[in-house]
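In what follows, a structure is listed as structure tokens, so that the remarks can point back to it.
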Amino acid sequence: MSILTPGKKIEKLDRLAELAAAHSDEGGESLWREAFKRVRRNPTAIAGAVVLALFVLVALIGPFFVPYSPTDTSANGVVVFSGRGIIPGPSADHWLGYDQQGRDEFSRIVVGARQTLLVGVVATLLGLVVGSLIGATAGAAYGLAGRWGRRLDNVLMRFVDMLLAMPSLLLAVSIAALLGASLTTVMIAVGVISVPIFARLLRGSMIAQASNDYVLAATALGIRRTRIALSHVLPNSLGPVMVQATLTLATAIIEAAALSFLGLGNPNSETPEWGVMLAQAQTYLDANIGLAIYPALGIIITALGFTLLGEAMREALDPKLRT
Amino acid sequence: MALLEVSDLSVLFGRRGQREVRAVDGVSFTVDAGEVIGLVGESGCGKSVTSLAIMGLLRGPGVKIGGGANFDGTELLRMDERAMRDIRGRDIAMVFQDPLSSLNPVVPIGVQVVEVLARHRGMGGDEARKEAASLLDRVGIPDPNRRLKEYPHQLSGGMRQRALIAMAVACQPRLLIADEPTTALDVTIQAQILELLKDLVRESGTALIMITHDLGVVAGMCETINVLYAGKVVETALRKELFARPRHPYTVGLLASIPRLDAVRGEKLTPIRGSVRDLLPWAEGCAFAPRCDRRVEACLAGTPGFTGGGHEYRCLNPVPLGAVPVQETLEEVV
């Protein structure tokens, strides 16, 4: 969860936009090729990439290979609640033991990974698309469309700043509470809180690009403004947005888990989801503390993977950190 | 009738809380159809601002443009942006200084050329691609079909400038403005690009305004040369006349500062002392006076007017005829 103040958030985003623009003079693609090279040499980035690759692999194909059905409660009898209660821990047959209803914990964690990936990707895409639409409109209007454009930009950006000013978890909880608890709600809520980030970033990036010579040259050839915005300025501005998307995936996963934990996620506890599992495990901490540890570890490791890779990409783009 | 008639053009840049800057201050010149003229002066004298103002590319708060620029009967400066966009690229085109930054780095050359053809000549598909290839061929880019698919960074500097020139002449404009087209290039490439511009202009009858700080560049191609200083034309003459009998001390200084192959070894270059920032506002006298060796008392009493017919200069104490060695073979300077 981001604890940055709105001012700091804005500052950080504008800096990233500026950086990418400063590089584009060096000949477009070479920026990315160079950044990619630097990422590849960076051990943290490699670590992040490996973790992510494992996670995605598990999420995509893991559910087909799990030893037990994640919803099979036929072994319910092994769970004993007499006095302090006992939930059997890891064994050779059940690698992570049973959960409170006698389901195989390992299978549930694996299947839960898919949920987590789904929520993270969908929420990020939602934020990316909506945020980019707002940001591209505002950026193009400000950079290319004169006085009226500046006015439109002003209206759009004040709205975005408003979203940015609210603590993101609070905003997400409000949205989720408004829409009612479900997995879709979580995705929408997490998506909405990343909208202002993408909007602000793309706008800054486009404004920085709009003052470039190739825009002047295209204008001098009589090319129309919409065309300049869409086929010249926009493609050059997407770089920092892509970096931000990687970082947002990490926060989206954590935030989605947080919402589920708070009971705003999928109310059907049949479908395993890390946040829900963590929440339910609270009741059984004395019976089997592992039930809380496994999903928590899953969340932490995944978010760490995205953050490591994202930060490495950001560093690779920053000329001040170049060696 | 002149193709382009710029009269008393002035450009002011204002900023809240700061004094306005007069970047261009009453510049007048004419360009006839098919004529090549030069605007010469050092950095900051208003050359580029003049061209941007004519193209209508100086818009925004704080920019005040005065005077007129009559292009074939239409007044460019009072034209609305929409109509101006139709003229740009079709009737008047421009080539900029830095070919790398003037091309979009993430879009293939071909797409950028086709874009112009689609915009002004309504071409599309194969027809546009063929025309683009023949344009690249015309500006001397070998293997045009392959180059069309390449990105700007895959081309050499000279080739990039050629591609930009191809885009500028794609619609056979009647006027081409070249703003320091060779400054960012190697000397050998410079000559090639100038040659190319000369050929294109000769073949198509396009008029050309050559903007440069380098008298050597204009020496080989311009018929009329206007020397700018601090936003005003200080001397204007036919090329031969200007090189043979420069009258304004600034022009003489520019000529003297060109390095020469036949100079004695170890001889120092002769710069004009001071910089363009040490100027006097024209209202208080001659802007060049603070840097001028031939300054007299009267120089500080208001803007000097133009004197001399045909070969005009804005100076009260001009360099006497014959004081400067006549530069017989002008092309030698190039």
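Every chain in the structure tokens has a letter given in the order shown (A, B, ...), and although residue numbers restart at 1 in each chain, ligands are simply numbered from 1 in the order shown.
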
Check the DSSP output for the backbone and give back, as an MDAnalysis selection string, the residues of stretch 1-147 of chain B in alpha helix (DSSP H). chainID B and resid 47:55 81:87 99:102 109:121 125:138 144:147

Check every residue of chain B for an atom within 10 Å of chain A, counting only C-alpha atoms, and provide those that qualify as a count of residues only. 50

Give me, as a VMD selection string, all polymer residues having an atom no more than 6 Å from B:Ile189, counting only C-alpha atoms and skipping those fewer than 3 positions away in the same chain. chain B and resid 158 186 192

Put those residues in a file: N, CA and C atoms, as a PDB file, in the first residue's frame.
ATOM      1  N   GLY B 158      23.118  12.253 -43.100  1.00  0.00           N
ATOM      2  CA  GLY B 158      22.849  12.842 -44.401  1.00  0.00           C
ATOM      3  C   GLY B 158      21.593  12.266 -45.013  1.00  0.00           C
ATOM      4  N   ASP B 186      28.079  16.602 -41.278  1.00  0.00           N
ATOM      5  CA  ASP B 186      29.508  16.670 -41.623  1.00  0.00           C
ATOM      6  C   ASP B 186      29.722  17.595 -42.815  1.00  0.00           C
ATOM      7  N   GLN B 192      26.889  17.966 -50.217  1.00  0.00           N
ATOM      8  CA  GLN B 192      25.937  17.144 -50.970  1.00  0.00           C
ATOM      9  C   GLN B 192      24.507  17.636 -50.794  1.00  0.00           C
TER      10      GLN B 192
END

I want to know what sits within 6 Å of A:Val111, based on only C-alpha atoms, with residues of the same chain fewer than 3 positions away left out; could you give that as a VMD selection string? chain A and resid 63 108 114

For A:Leu171, please output as a PyMOL selection string all residues within 12 Å (counting only C-alpha atoms; exclusion window: fewer than 3 positions along the same chain). chain A and resi 162-168+174-178+186+188-195+255+259

Stretch 148-311 of chain B: which residues are strand (DSSP E or B) by DSSP, as an MDAnalysis selection string? chainID B and resid 175:179 207:212 224:229 232:238 307

What lies within 8 Å of A:Val119 using only C-alpha atoms, ignoring chain neighbours under 2 positions off, as a PDB file with N, CA and C atoms, in the first residue's frame?
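Result written to selection_14.pdb:
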ATOM      1  N   GLN A 115      -6.269 -17.041  -9.215  1.00  0.00           N
ATOM      2  CA  GLN A 115      -7.149 -15.938  -8.843  1.00  0.00           C
ATOM      3  C   GLN A 115      -6.346 -14.646  -8.689  1.00  0.00           C
ATOM      4  N   THR A 116      -5.244 -14.790  -7.974  1.00  0.00           N
ATOM      5  CA  THR A 116      -4.414 -13.618  -7.698  1.00  0.00           C
ATOM      6  C   THR A 116      -3.906 -12.989  -8.988  1.00  0.00           C
ATOM      7  N   LEU A 117      -3.414 -13.831  -9.901  1.00  0.00           N
ATOM      8  CA  LEU A 117      -2.910 -13.320 -11.175  1.00  0.00           C
ATOM      9  C   LEU A 117      -4.035 -12.651 -11.955  1.00  0.00           C
ATOM     10  N   VAL A 121      -3.905  -8.792 -13.020  1.00  0.00           N
ATOM     11  CA  VAL A 121      -3.817  -8.411 -14.433  1.00  0.00           C
ATOM     12  C   VAL A 121      -5.045  -7.622 -14.872  1.00  0.00           C
ATOM     13  N   VAL A 122      -6.212  -8.115 -14.522  1.00  0.00           N
ATOM     14  CA  VAL A 122      -7.428  -7.426 -14.963  1.00  0.00           C
ATOM     15  C   VAL A 122      -7.496  -6.019 -14.373  1.00  0.00           C
ATOM     16  N   ALA A 123      -7.200  -5.933 -13.062  1.00  0.00           N
ATOM     17  CA  ALA A 123      -7.271  -4.616 -12.422  1.00  0.00           C
ATOM     18  C   ALA A 123      -6.265  -3.654 -13.047  1.00  0.00           C
ATOM     19  N   LEU A 183     -15.703 -10.769  -6.710  1.00  0.00           N
ATOM     20  CA  LEU A 183     -14.367 -10.715  -7.305  1.00  0.00           C
ATOM     21  C   LEU A 183     -14.285  -9.556  -8.300  1.00  0.00           C
ATOM     22  N   VAL A 186     -13.651  -6.320  -6.595  1.00  0.00           N
ATOM     23  CA  VAL A 186     -12.247  -6.127  -6.227  1.00  0.00           C
ATOM     24  C   VAL A 186     -11.454  -5.622  -7.423  1.00  0.00           C
ATOM     25  N   MET A 187     -11.695  -6.252  -8.577  1.00  0.00           N
ATOM     26  CA  MET A 187     -10.953  -5.844  -9.771  1.00  0.00           C
ATOM     27  C   MET A 187     -11.253  -4.389 -10.116  1.00  0.00           C
ATOM     28  N   ALA A 252      -1.395  -3.937  -7.138  1.00  0.00           N
ATOM     29  CA  ALA A 252      -2.753  -4.434  -7.388  1.00  0.00           C
ATOM     30  C   ALA A 252      -2.964  -5.756  -6.662  1.00  0.00           C
ATOM     31  N   ILE A 253      -1.937  -6.612  -6.698  1.00  0.00           N
ATOM     32  CA  ILE A 253      -2.066  -7.913  -6.031  1.00  0.00           C
ATOM     33  C   ILE A 253      -2.220  -7.727  -4.524  1.00  0.00           C
ATOM     34  N   ALA A 256      -5.637  -6.119  -3.836  1.00  0.00           N
ATOM     35  CA  ALA A 256      -6.733  -7.073  -4.032  1.00  0.00           C
ATOM     36  C   ALA A 256      -6.799  -8.036  -2.852  1.00  0.00           C
TER      37      ALA A 256
END

Find the residues near A:Leu125: any atom within 9 Å, counting only C-alpha atoms, skip ones fewer than 5 places away on the same chain, and give them as a count of residues only. 4

Which of these, A:Ala181, A:Leu170, A:Ile197, A:Val39, has the shortest distance to A:Gln244 once you count only C-alpha atoms?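 Checking each of A:Ala181, A:Leu170, A:Ile197, A:Val39 against A:Gln244, counting only C-alpha atoms, the winner is A:Ile197.
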
Would you work out the distance separating atom CA of A:Met277 from atom CA of A:Phe261, expressed in Å to one decimal? 7.9 Å
